[in-house]
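Text of the file target.txt, holding compact mmCIF, C-alpha atoms and all ligand atoms:
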```
# COMPACT_ATOMS: atom_id res chain seq x y z
CA MET A 1 0.00 0.00 0.00
CA PRO A 2 1.66 3.27 -1.06
CA ILE A 3 1.99 5.84 1.69
CA LEU A 4 -0.27 8.84 1.25
CA LYS A 5 1.04 12.32 1.69
CA GLN A 6 0.12 13.22 5.27
CA GLN A 7 -2.24 16.00 4.26
CA MET A 8 -4.01 13.77 1.74
CA ASN A 9 -4.99 11.43 4.52
CA LYS A 10 -8.77 11.55 4.76
CA GLU A 11 -8.63 11.41 8.55
CA ALA A 12 -6.45 14.49 8.72
CA LEU A 13 -8.48 16.59 6.29
CA GLN A 14 -11.79 18.16 7.20
CA LEU A 15 -13.68 16.62 4.31
CA HIS A 16 -17.21 17.71 5.17
CA ALA A 17 -18.09 17.79 1.48
CA GLN A 18 -17.88 14.00 1.46
CA GLU A 19 -20.28 13.78 4.39
CA ILE A 20 -22.72 16.01 2.49
CA PHE A 21 -22.53 13.90 -0.66
CA ALA A 22 -22.94 10.71 1.39
CA PHE A 23 -25.99 12.09 3.21
CA ASN A 24 -27.48 13.31 -0.05
CA ALA A 25 -26.90 9.91 -1.68
CA GLN A 26 -28.62 8.22 1.27
CA ALA A 27 -31.56 10.64 1.06
CA SER A 28 -31.94 10.06 -2.69
CA GLN A 29 -32.59 6.36 -1.99
CA VAL A 30 -35.67 7.18 0.09
CA PRO A 31 -38.83 6.99 -2.05
CA GLY A 32 -40.84 10.22 -1.91
CA VAL A 33 -38.09 12.11 -0.08
CA ILE A 34 -38.35 15.91 0.26
CA ASN A 35 -34.76 16.73 -0.49
CA LEU A 36 -33.68 20.17 0.72
CA THR A 37 -29.99 19.36 0.99
CA LEU A 38 -28.60 20.71 -2.25
CA GLY A 39 -27.11 24.14 -2.77
CA GLU A 40 -28.03 24.12 -6.41
CA PRO A 41 -30.52 26.30 -8.28
CA ASN A 42 -33.55 24.23 -9.34
CA PHE A 43 -33.95 26.33 -12.50
CA SER A 44 -32.82 25.62 -16.04
CA THR A 45 -29.89 27.58 -17.38
CA PRO A 46 -31.38 30.60 -19.21
CA ASP A 47 -32.19 30.08 -22.91
CA VAL A 48 -29.95 32.96 -23.96
CA VAL A 49 -26.99 31.10 -22.45
CA LYS A 50 -27.85 27.75 -24.01
CA THR A 51 -28.30 29.37 -27.43
CA ALA A 52 -24.87 31.01 -27.23
CA ALA A 53 -23.24 27.72 -26.24
CA LYS A 54 -24.88 25.85 -29.13
CA ALA A 55 -23.76 28.55 -31.55
CA ALA A 56 -20.20 28.26 -30.21
CA ILE A 57 -20.21 24.52 -30.85
CA ASP A 58 -21.58 24.94 -34.37
CA GLU A 59 -19.74 28.00 -35.53
CA GLN A 60 -16.36 28.32 -33.90
CA PRO A 61 -13.30 26.18 -33.94
CA LEU A 62 -13.17 25.31 -30.26
CA ARG A 63 -9.52 25.98 -29.58
CA TYR A 64 -7.52 26.75 -26.45
CA THR A 65 -7.85 30.37 -25.39
CA LEU A 66 -5.70 32.70 -23.34
CA PRO A 67 -5.24 31.09 -19.90
CA GLN A 68 -7.31 33.76 -18.15
CA GLY A 69 -10.06 33.44 -20.78
CA LYS A 70 -10.88 35.11 -24.09
CA ILE A 71 -10.67 38.87 -23.94
CA GLU A 72 -14.41 39.04 -24.72
CA LEU A 73 -15.02 37.08 -21.51
CA THR A 74 -12.63 38.91 -19.20
CA GLN A 75 -14.01 42.18 -20.62
CA ALA A 76 -17.58 41.00 -19.93
CA ILE A 77 -16.57 40.12 -16.35
CA ALA A 78 -14.83 43.48 -15.85
CA ASP A 79 -17.89 45.33 -17.21
CA TYR A 80 -20.24 43.26 -15.03
CA VAL A 81 -18.39 43.93 -11.76
CA GLN A 82 -18.12 47.59 -12.65
CA ARG A 83 -21.86 47.84 -13.41
CA HIS A 84 -22.93 45.91 -10.33
CA TYR A 85 -20.31 46.67 -7.70
CA HIS A 86 -18.52 49.80 -8.93
CA LEU A 87 -15.22 47.94 -9.22
CA LYS A 88 -12.58 48.67 -11.81
CA TYR A 89 -10.35 45.86 -13.10
CA ASP A 90 -8.20 45.64 -16.20
CA PRO A 91 -9.57 42.72 -18.26
CA THR A 92 -6.12 41.82 -19.62
CA THR A 93 -4.17 41.64 -16.36
CA GLU A 94 -6.61 41.58 -13.43
CA VAL A 95 -9.37 39.13 -14.34
CA ILE A 96 -9.10 35.32 -14.54
CA ALA A 97 -11.91 32.98 -15.59
CA THR A 98 -11.73 29.82 -13.48
CA ILE A 99 -13.46 26.44 -13.24
CA GLY A 100 -16.03 27.73 -10.79
CA VAL A 101 -15.27 29.57 -7.58
CA THR A 102 -13.94 26.23 -6.41
CA GLU A 103 -10.89 26.71 -8.61
CA SER A 104 -10.73 30.41 -7.69
CA VAL A 105 -10.25 29.43 -4.04
CA PHE A 106 -7.60 26.86 -4.90
CA VAL A 107 -5.65 29.11 -7.25
CA SER A 108 -5.79 32.08 -4.90
CA LEU A 109 -4.60 30.15 -1.87
CA MET A 110 -1.94 28.29 -3.81
CA SER A 111 -0.56 31.56 -5.15
CA ILE A 112 -0.31 33.44 -1.87
CA LEU A 113 0.41 30.86 0.83
CA ASN A 114 3.72 29.48 2.05
CA ALA A 115 3.82 26.35 4.20
CA GLY A 116 3.08 27.27 7.81
CA ASP A 117 0.99 30.34 7.07
CA GLU A 118 -2.25 30.79 8.98
CA VAL A 119 -5.60 31.53 7.34
CA LEU A 120 -8.59 32.88 9.25
CA ILE A 121 -11.92 31.25 8.37
CA PRO A 122 -15.19 32.29 10.03
CA SER A 123 -17.21 29.14 10.80
CA PRO A 124 -19.70 27.71 9.86
CA CYS A 125 -18.57 27.99 6.27
CA PHE A 126 -18.50 26.42 2.83
CA THR A 127 -16.77 23.08 3.06
CA ILE A 128 -13.77 23.48 0.76
CA TYR A 129 -11.85 26.29 2.46
CA GLN A 130 -10.43 24.35 5.39
CA PRO A 131 -9.15 21.27 3.50
CA ILE A 132 -7.54 23.37 0.77
CA VAL A 133 -5.63 25.36 3.38
CA GLN A 134 -4.59 22.07 5.00
CA LEU A 135 -3.51 20.58 1.67
CA LEU A 136 -1.16 23.52 1.22
CA GLN A 137 0.44 22.66 4.57
CA CYS A 138 -0.98 25.75 6.20
CA GLN A 139 -3.03 26.24 9.32
CA PRO A 140 -6.75 27.08 9.15
CA ILE A 141 -7.81 29.17 12.16
CA MET A 142 -11.54 28.61 12.48
CA ILE A 143 -13.45 31.47 14.11
CA ASN A 144 -16.73 30.30 15.61
CA THR A 145 -19.37 32.94 14.79
CA ALA A 146 -22.34 31.20 16.45
CA ALA A 147 -22.26 33.58 19.42
CA THR A 148 -22.23 36.68 17.20
CA ASN A 149 -25.25 35.97 15.05
CA PHE A 150 -23.13 34.05 12.52
CA LYS A 151 -21.21 37.15 11.56
CA LEU A 152 -17.60 37.99 12.17
CA THR A 153 -17.34 41.09 14.35
CA PRO A 154 -14.43 43.57 14.28
CA GLU A 155 -13.77 42.85 17.97
CA VAL A 156 -13.43 39.10 17.48
CA LEU A 157 -11.37 39.65 14.33
CA GLN A 158 -9.00 41.93 16.22
CA GLN A 159 -8.65 39.46 19.10
CA THR A 160 -7.95 36.59 16.72
CA LEU A 161 -5.35 38.58 14.83
CA ALA A 162 -3.66 39.51 18.09
CA ALA A 163 -3.46 35.84 19.09
CA HIS A 164 -1.85 34.63 15.87
CA GLN A 165 1.42 35.78 14.38
CA GLN A 166 1.47 34.00 11.00
CA VAL A 167 -1.83 35.13 9.52
CA LYS A 168 -1.53 35.66 5.79
CA ALA A 169 -5.17 35.83 4.75
CA ILE A 170 -8.81 35.65 5.72
CA ILE A 171 -11.55 33.95 3.72
CA LEU A 172 -14.87 35.78 3.82
CA ASN A 173 -18.07 34.50 2.26
CA TYR A 174 -21.16 36.67 2.17
CA PRO A 175 -24.03 36.15 1.65
CA SER A 176 -23.10 33.03 3.53
CA ASN A 177 -23.41 29.38 2.82
CA PRO A 178 -24.76 27.89 5.13
CA THR A 179 -26.52 30.66 7.11
CA GLY A 180 -27.79 33.09 4.46
CA SER A 181 -26.56 36.02 6.56
CA THR A 182 -24.63 38.86 4.98
CA TYR A 183 -22.83 42.06 5.93
CA ASP A 184 -24.36 45.48 5.41
CA ALA A 185 -22.25 48.49 4.44
CA THR A 186 -21.62 49.55 8.04
CA GLU A 187 -20.54 46.10 9.20
CA LEU A 188 -18.31 45.73 6.17
CA GLN A 189 -16.70 49.10 6.79
CA ALA A 190 -15.90 48.12 10.38
CA LEU A 191 -14.29 44.84 9.28
CA ALA A 192 -12.38 46.62 6.52
CA THR A 193 -10.87 49.04 9.02
CA VAL A 194 -9.35 46.16 11.02
CA LEU A 195 -8.26 44.28 7.90
CA ARG A 196 -6.60 47.36 6.39
CA GLU A 197 -4.56 47.77 9.53
CA ALA A 198 -3.66 44.05 9.59
CA GLY A 199 -2.52 44.18 5.96
CA ILE A 200 -3.51 40.58 5.21
CA PHE A 201 -5.10 39.27 2.01
CA VAL A 202 -8.87 39.18 1.95
CA LEU A 203 -10.21 36.32 -0.14
CA SER A 204 -13.80 37.31 -0.64
CA ASP A 205 -16.13 34.60 -1.93
CA GLU A 206 -19.14 36.57 -3.11
CA ILE A 207 -20.78 33.84 -5.20
CA TYR A 208 -24.24 34.68 -3.79
CA SER A 209 -23.87 38.44 -4.37
CA GLU A 210 -26.73 38.52 -6.87
CA LEU A 211 -29.05 36.67 -4.52
CA THR A 212 -29.52 39.25 -1.77
CA TYR A 213 -32.87 40.26 -0.33
CA ASP A 214 -33.63 43.51 1.54
CA VAL A 215 -29.99 44.67 1.37
CA GLU A 216 -27.80 45.79 -1.49
CA HIS A 217 -24.65 43.73 -1.89
CA LYS A 218 -21.43 45.67 -1.46
CA SER A 219 -18.09 44.09 -2.32
CA ILE A 220 -15.28 44.46 0.18
CA ALA A 221 -13.04 45.00 -2.85
CA GLN A 222 -14.53 48.48 -3.01
CA LEU A 223 -13.14 49.22 0.45
CA LEU A 224 -9.87 47.28 0.23
CA PRO A 225 -8.92 47.23 -3.46
CA GLU A 226 -5.23 46.49 -2.85
CA GLN A 227 -5.75 43.55 -0.48
CA THR A 228 -8.85 41.89 -1.84
CA ILE A 229 -8.95 38.84 -4.06
CA LEU A 230 -12.53 38.89 -5.27
CA MET A 231 -14.00 35.53 -6.21
CA ASN A 232 -17.36 35.19 -7.87
CA GLY A 233 -19.04 33.01 -10.44
CA LEU A 234 -22.04 32.13 -12.54
CA SER A 235 -23.19 28.91 -10.83
CA LYS A 236 -25.78 30.47 -8.56
CA ALA A 237 -26.76 33.78 -10.22
CA PHE A 238 -27.38 32.20 -13.63
CA ALA A 239 -28.25 28.60 -12.63
CA MET A 240 -25.06 27.37 -14.27
CA THR A 241 -23.50 25.00 -11.73
CA GLY A 242 -22.53 22.39 -14.32
CA TRP A 243 -20.98 24.87 -16.75
CA ARG A 244 -18.16 25.48 -14.29
CA VAL A 245 -17.48 29.18 -14.64
CA GLY A 246 -16.11 31.39 -11.90
CA TYR A 247 -13.67 34.25 -11.83
CA ILE A 248 -11.02 36.03 -9.82
CA CYS A 249 -10.49 39.79 -9.87
CA ALA A 250 -7.37 41.10 -8.18
CA PRO A 251 -4.74 43.82 -8.60
CA ALA A 252 -2.32 42.99 -11.46
CA ALA A 253 0.64 42.15 -9.18
CA VAL A 254 -1.51 39.70 -7.20
CA ALA A 255 -3.24 38.27 -10.28
CA LYS A 256 -0.01 37.59 -12.18
CA PRO A 257 1.13 34.48 -10.27
CA MET A 258 -2.47 33.32 -10.17
CA ILE A 259 -2.68 33.34 -13.96
CA HIS A 260 0.42 31.09 -14.02
CA VAL A 261 -0.98 28.66 -11.44
CA HIS A 262 -4.32 28.61 -13.25
CA GLU A 263 -2.59 27.93 -16.57
CA LEU A 264 -0.61 25.04 -15.05
CA MET A 265 -3.79 23.52 -13.64
CA THR A 266 -6.17 24.01 -16.53
CA THR A 267 -4.64 25.67 -19.64
CA SER A 268 -7.93 27.58 -19.62
CA ILE A 269 -11.60 26.91 -18.89
CA SER A 270 -13.80 25.23 -21.51
CA THR A 271 -14.23 27.35 -24.63
CA VAL A 272 -17.94 26.43 -24.86
CA SER A 273 -18.49 27.58 -21.30
CA GLN A 274 -16.69 30.82 -22.09
CA ALA A 275 -19.21 31.57 -24.88
CA ALA A 276 -22.04 30.70 -22.50
CA ALA A 277 -20.62 32.95 -19.78
CA ILE A 278 -20.30 35.93 -22.11
CA ALA A 279 -24.00 35.59 -22.98
CA ALA A 280 -24.99 35.25 -19.32
CA LEU A 281 -23.03 38.29 -18.21
CA THR A 282 -24.19 40.50 -21.07
CA GLU A 283 -27.75 39.28 -21.68
CA GLY A 284 -28.80 37.21 -18.67
CA GLU A 285 -29.61 39.79 -16.04
CA ALA A 286 -33.39 39.58 -16.48
CA ASP A 287 -33.14 35.84 -15.87
CA THR A 288 -31.20 36.39 -12.64
CA GLN A 289 -33.91 38.80 -11.48
CA ARG A 290 -36.67 36.31 -12.36
CA MET A 291 -35.01 33.58 -10.30
CA LYS A 292 -34.19 35.91 -7.45
CA ASP A 293 -37.86 36.96 -7.17
CA GLN A 294 -38.79 33.29 -6.83
CA TYR A 295 -36.15 32.64 -4.16
CA ALA A 296 -37.40 35.68 -2.23
CA GLN A 297 -40.98 34.33 -2.25
CA ARG A 298 -39.78 30.91 -1.12
CA ARG A 299 -37.70 32.44 1.63
CA ASP A 300 -40.72 34.31 2.95
CA VAL A 301 -42.98 31.24 2.93
CA LEU A 302 -40.38 29.03 4.62
CA TYR A 303 -39.29 31.64 7.14
CA GLN A 304 -42.84 32.58 8.16
CA GLY A 305 -43.81 28.90 8.29
CA LEU A 306 -40.91 28.00 10.58
CA LEU A 307 -41.59 30.98 12.85
CA LYS A 308 -45.22 29.91 13.11
CA LEU A 309 -43.99 26.53 14.35
CA ASN A 310 -41.97 28.42 17.00
CA PHE A 311 -38.58 27.44 15.62
CA THR A 312 -35.56 29.68 15.96
CA VAL A 313 -34.29 30.63 12.51
CA ILE A 314 -31.72 33.07 11.21
CA ARG A 315 -33.59 35.39 8.84
CA PRO A 316 -31.62 34.98 5.63
CA GLN A 317 -30.74 38.08 3.67
CA GLY A 318 -29.07 36.25 0.84
CA ALA A 319 -28.24 32.97 -0.90
CA PHE A 320 -30.92 30.25 -0.67
CA TYR A 321 -30.30 28.70 2.73
CA MET A 322 -32.02 28.92 6.05
CA PHE A 323 -30.21 28.00 9.27
CA MET A 324 -32.52 26.63 11.91
CA LYS A 325 -31.64 25.86 15.51
CA VAL A 326 -32.41 22.33 16.67
CA PRO A 327 -35.27 23.03 19.13
CA THR A 328 -34.34 22.33 22.74
CA LYS A 329 -37.17 19.83 23.19
CA TRP A 330 -35.94 17.64 20.30
CA GLN A 331 -33.88 14.67 21.43
CA PRO A 332 -31.09 13.95 20.97
CA GLN A 333 -29.76 17.49 20.54
CA ASP A 334 -27.08 16.32 18.13
CA ASP A 335 -27.75 17.88 14.71
CA VAL A 336 -26.25 14.97 12.76
CA GLN A 337 -28.50 12.47 14.53
CA ILE A 338 -31.52 14.75 14.13
CA ALA A 339 -30.93 15.03 10.38
CA HIS A 340 -30.89 11.24 10.13
CA ASP A 341 -33.99 10.92 12.32
CA LEU A 342 -35.88 13.49 10.20
CA LEU A 343 -35.02 11.52 7.10
CA ALA A 344 -36.08 8.20 8.64
CA ALA A 345 -39.28 9.47 10.29
CA GLU A 346 -40.53 12.16 7.90
CA LYS A 347 -38.63 11.59 4.65
CA LEU A 348 -37.27 15.09 4.99
CA ALA A 349 -33.63 15.65 4.06
CA VAL A 350 -31.84 18.73 5.43
CA LEU A 351 -28.17 18.99 6.30
CA PRO A 352 -26.64 18.98 9.79
CA GLY A 353 -25.04 22.33 10.59
CA SER A 354 -21.96 20.51 11.89
CA TYR A 355 -21.11 19.54 8.31
CA PHE A 356 -20.22 23.24 7.85
CA GLY A 357 -17.74 23.27 10.70
CA VAL A 358 -17.56 24.01 14.39
CA GLY A 359 -19.87 27.03 14.37
CA GLY A 360 -22.71 25.06 12.80
CA ALA A 361 -23.25 22.50 15.58
CA GLY A 362 -26.82 22.42 16.86
CA TYR A 363 -28.30 23.79 13.62
CA LEU A 364 -29.81 22.43 10.42
CA ARG A 365 -29.29 23.91 6.95
CA ILE A 366 -32.41 24.01 4.81
CA SER A 367 -31.96 24.79 1.13
CA TYR A 368 -34.89 26.64 -0.45
CA ALA A 369 -33.58 26.14 -3.94
CA ALA A 370 -36.62 23.88 -4.17
CA SER A 371 -40.23 24.02 -5.31
CA MET A 372 -42.88 25.76 -3.21
CA ALA A 373 -44.67 22.38 -2.93
CA ASP A 374 -41.56 20.82 -1.40
CA LEU A 375 -41.18 23.71 1.04
CA GLN A 376 -44.82 23.32 2.15
CA ALA A 377 -44.28 19.58 2.56
CA ALA A 378 -41.13 20.28 4.59
CA LEU A 379 -43.08 22.53 6.97
CA THR A 380 -45.62 19.76 7.54
CA ALA A 381 -42.80 17.26 8.09
CA PHE A 382 -41.13 19.53 10.66
CA GLU A 383 -44.46 19.99 12.45
CA ASN A 384 -45.14 16.25 12.59
CA PHE A 385 -41.61 15.48 13.75
CA SER A 386 -41.84 18.10 16.48
CA LYS A 387 -45.14 16.71 17.83
CA LYS A 388 -43.32 13.60 19.01
CA PHE A 389 -41.51 15.65 21.65
CA ASN A 390 -44.60 17.33 23.13
N1 LIG B 401 -18.50 29.20 -2.67
C1 LIG B 401 -19.62 28.97 -1.96
C2 LIG B 401 -19.86 29.79 -0.75
C3 LIG B 401 -20.53 27.98 -2.36
O1 LIG B 401 -21.63 27.77 -1.62
C4 LIG B 401 -20.25 27.22 -3.52
C5 LIG B 401 -21.16 26.14 -3.93
O2 LIG B 401 -22.05 25.72 -3.26
C6 LIG B 401 -19.07 27.49 -4.22
C7 LIG B 401 -18.23 28.49 -3.77
C8 LIG B 401 -18.68 26.70 -5.43
O3 LIG B 401 -19.14 27.29 -6.55
P1 LIG B 401 -18.69 26.91 -8.02
O4 LIG B 401 -19.80 26.14 -8.63
O5 LIG B 401 -18.52 28.25 -8.68
O6 LIG B 401 -17.42 26.15 -7.96
```

As structure tokens, how would this structure be written, given the file I've shared?
Amino acid sequence: MPILKQQMNKEALQLHAQEIFAFNAQASQVPGVINLTLGEPNFSTPDVVKTAAKAAIDEQPLRYTLPQGKIELTQAIADYVQRHYHLKYDPTTEVIATIGVTESVFVSLMSILNAGDEVLIPSPCFTIYQPIVQLLQCQPIMINTAATNFKLTPEVLQQTLAAHQQVKAIILNYPSNPTGSTYDATELQALATVLREAGIFVLSDEIYSELTYDVEHKSIAQLLPEQTILMNGLSKAFAMTGWRVGYICAPAAVAKPMIHVHELMTTSISTVSQAAAIAALTEGEADTQRMKDQYAQRRDVLYQGLLKLNFTVIRPQGAFYMFMKVPTKWQPQDDVQIAHDLLAAEKLAVLPGSYFGVGGAGYLRISYAASMADLQAALTAFENFSKKFN
């Protein structure tokens, strides 16, 4: 048996993504299951995008492109982030099209970290950050945000920075997977003040930026242009998870090594997906709005329904997730066990908060990227499950 690199050892890595896939696979076997586990839009990719991709297949020789993407694509990305977030990036030197935000995270971390560096990660969080940091022989410093309404506060940030000497970067994600919370302009400004002083890189995963409700999304890149590595993508805003398109925007000096790493890993992203992405970014905004309106309605129905059942829920301001506290009367209190019990007893699949790291223990993540009928059925299932503990 060949010896695995230490960091590749499954036991050593925090591979929560595998737990999620395993739970989802188990849920899919249950006939009639109400599956609210997936963080995937349940809409078709917009027609305008599909048409552009078909035309690319028929009309163009599908060759390799520049590593960071065709200029038409990096220009479309630069125009989009300027239009939406008032950010200015040079499409030739400061924008990189990646295989989803997943690759953006990998490329960014690989380009800036040296072995032994520390990376701050507010928790609960998306599952890939921690293992990627570990793979690069660096130290993830998880900051539990459960006590501060699932948001990082400037005070806690300052304390954590003071306690660690090797911090090279922080990974922010807002609106957040798994909680749906986000930062408003004032909160962001307060965090930016501390981060400016600390002078560390800010990897900002803003993949849900287009799916915000009640608040306007503001990118931290606007406040910290020199330090921020902005990561965003088309998976959620344009229902394009399988097309695998994300992007990085960063100052030229920071982007330069990233373009090299990205080229080594990929040559470039798929040329068909590049054509699709150009269409989405230039012609797909009405589709994003249409989907967002639906998510907002679903959020309201689910949130009001859960409140009516007297559950404690974080009111989501973005993404398509709701984070619900395991009620104190439910037994056992363990969120992983409760998720399994809900599946067995009510055929309702939601994810344990613990799968998103330390800060998520005692919560359940409900995805409302699902039909209204499924959300109504989920409310009934929660009600029935809860009755057993009366
Ligand atoms: N970042 C966050 C916060 C996510 O929730 C996800 C997917 O669920 C991703 C990144 C990955 O996105 P992509 O499809 O662009 O790789």

**Study point:** Spatial neighbours of Val245 of chain A, max dist 6 Å, only C-alpha atoms, sep filter under 2 positions, as a ChimeraX atom specification
**Key:** /A:98-100,233-234,243

Check your understanding: Within 10 Å of ligand LIG 401 (chain B), counting only C-alpha atoms and all ligand atoms: which residues, as a PyMOL selection string?
Key -> chain A and resi 38-41+98-105+125-129+172-178+204-208+231-236+239-247+319-321

Write the residues of the preceding selection, restricted to C-alpha atoms, as a PDB file, in the frame of the given file.
```pdb
ATOM      1  CA  LEU A  38     -28.600  20.710  -2.250  1.00  0.00           C
ATOM      2  CA  GLY A  39     -27.110  24.140  -2.770  1.00  0.00           C
ATOM      3  CA  GLU A  40     -28.030  24.120  -6.410  1.00  0.00           C
ATOM      4  CA  PRO A  41     -30.520  26.300  -8.280  1.00  0.00           C
ATOM      5  CA  THR A  98     -11.730  29.820 -13.480  1.00  0.00           C
ATOM      6  CA  ILE A  99     -13.460  26.440 -13.240  1.00  0.00           C
ATOM      7  CA  GLY A 100     -16.030  27.730 -10.790  1.00  0.00           C
ATOM      8  CA  VAL A 101     -15.270  29.570  -7.580  1.00  0.00           C
ATOM      9  CA  THR A 102     -13.940  26.230  -6.410  1.00  0.00           C
ATOM     10  CA  GLU A 103     -10.890  26.710  -8.610  1.00  0.00           C
ATOM     11  CA  SER A 104     -10.730  30.410  -7.690  1.00  0.00           C
ATOM     12  CA  VAL A 105     -10.250  29.430  -4.040  1.00  0.00           C
ATOM     13  CA  CYS A 125     -18.570  27.990   6.270  1.00  0.00           C
ATOM     14  CA  PHE A 126     -18.500  26.420   2.830  1.00  0.00           C
ATOM     15  CA  THR A 127     -16.770  23.080   3.060  1.00  0.00           C
ATOM     16  CA  ILE A 128     -13.770  23.480   0.760  1.00  0.00           C
ATOM     17  CA  TYR A 129     -11.850  26.290   2.460  1.00  0.00           C
ATOM     18  CA  LEU A 172     -14.870  35.780   3.820  1.00  0.00           C
ATOM     19  CA  ASN A 173     -18.070  34.500   2.260  1.00  0.00           C
ATOM     20  CA  TYR A 174     -21.160  36.670   2.170  1.00  0.00           C
ATOM     21  CA  PRO A 175     -24.030  36.150   1.650  1.00  0.00           C
ATOM     22  CA  SER A 176     -23.100  33.030   3.530  1.00  0.00           C
ATOM     23  CA  ASN A 177     -23.410  29.380   2.820  1.00  0.00           C
ATOM     24  CA  PRO A 178     -24.760  27.890   5.130  1.00  0.00           C
ATOM     25  CA  SER A 204     -13.800  37.310  -0.640  1.00  0.00           C
ATOM     26  CA  ASP A 205     -16.130  34.600  -1.930  1.00  0.00           C
ATOM     27  CA  GLU A 206     -19.140  36.570  -3.110  1.00  0.00           C
ATOM     28  CA  ILE A 207     -20.780  33.840  -5.200  1.00  0.00           C
ATOM     29  CA  TYR A 208     -24.240  34.680  -3.790  1.00  0.00           C
ATOM     30  CA  MET A 231     -14.000  35.530  -6.210  1.00  0.00           C
ATOM     31  CA  ASN A 232     -17.360  35.190  -7.870  1.00  0.00           C
ATOM     32  CA  GLY A 233     -19.040  33.010 -10.440  1.00  0.00           C
ATOM     33  CA  LEU A 234     -22.040  32.130 -12.540  1.00  0.00           C
ATOM     34  CA  SER A 235     -23.190  28.910 -10.830  1.00  0.00           C
ATOM     35  CA  LYS A 236     -25.780  30.470  -8.560  1.00  0.00           C
ATOM     36  CA  ALA A 239     -28.250  28.600 -12.630  1.00  0.00           C
ATOM     37  CA  MET A 240     -25.060  27.370 -14.270  1.00  0.00           C
ATOM     38  CA  THR A 241     -23.500  25.000 -11.730  1.00  0.00           C
ATOM     39  CA  GLY A 242     -22.530  22.390 -14.320  1.00  0.00           C
ATOM     40  CA  TRP A 243     -20.980  24.870 -16.750  1.00  0.00           C
ATOM     41  CA  ARG A 244     -18.160  25.480 -14.290  1.00  0.00           C
ATOM     42  CA  VAL A 245     -17.480  29.180 -14.640  1.00  0.00           C
ATOM     43  CA  GLY A 246     -16.110  31.390 -11.900  1.00  0.00           C
ATOM     44  CA  TYR A 247     -13.670  34.250 -11.830  1.00  0.00           C
ATOM     45  CA  ALA A 319     -28.240  32.970  -0.900  1.00  0.00           C
ATOM     46  CA  PHE A 320     -30.920  30.250  -0.670  1.00  0.00           C
ATOM     47  CA  TYR A 321     -30.300  28.700   2.730  1.00  0.00           C
TER      48      TYR A 321
END
```

Check your understanding: Which one is closest to Asp47 of chain A: A:Ala286, A:Leu224, A:Leu306, A:Ala253? Count only C-alpha atoms.
Key ->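 Answer, going by the shortest atom-to-atom distance: A:Ala286.
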
Practice item. Would you work out the distance separating atom CA of Ala52 of chain A from atom CA of Gln289 of chain A, expressed in Å to one decimal? Key: 19.8 Å

**Study point:** atom CA of Phe106 of chain A to atom CA of Gln158 of chain A, distance in Å rounded to a single decimal
**Key:** 26.0 Å
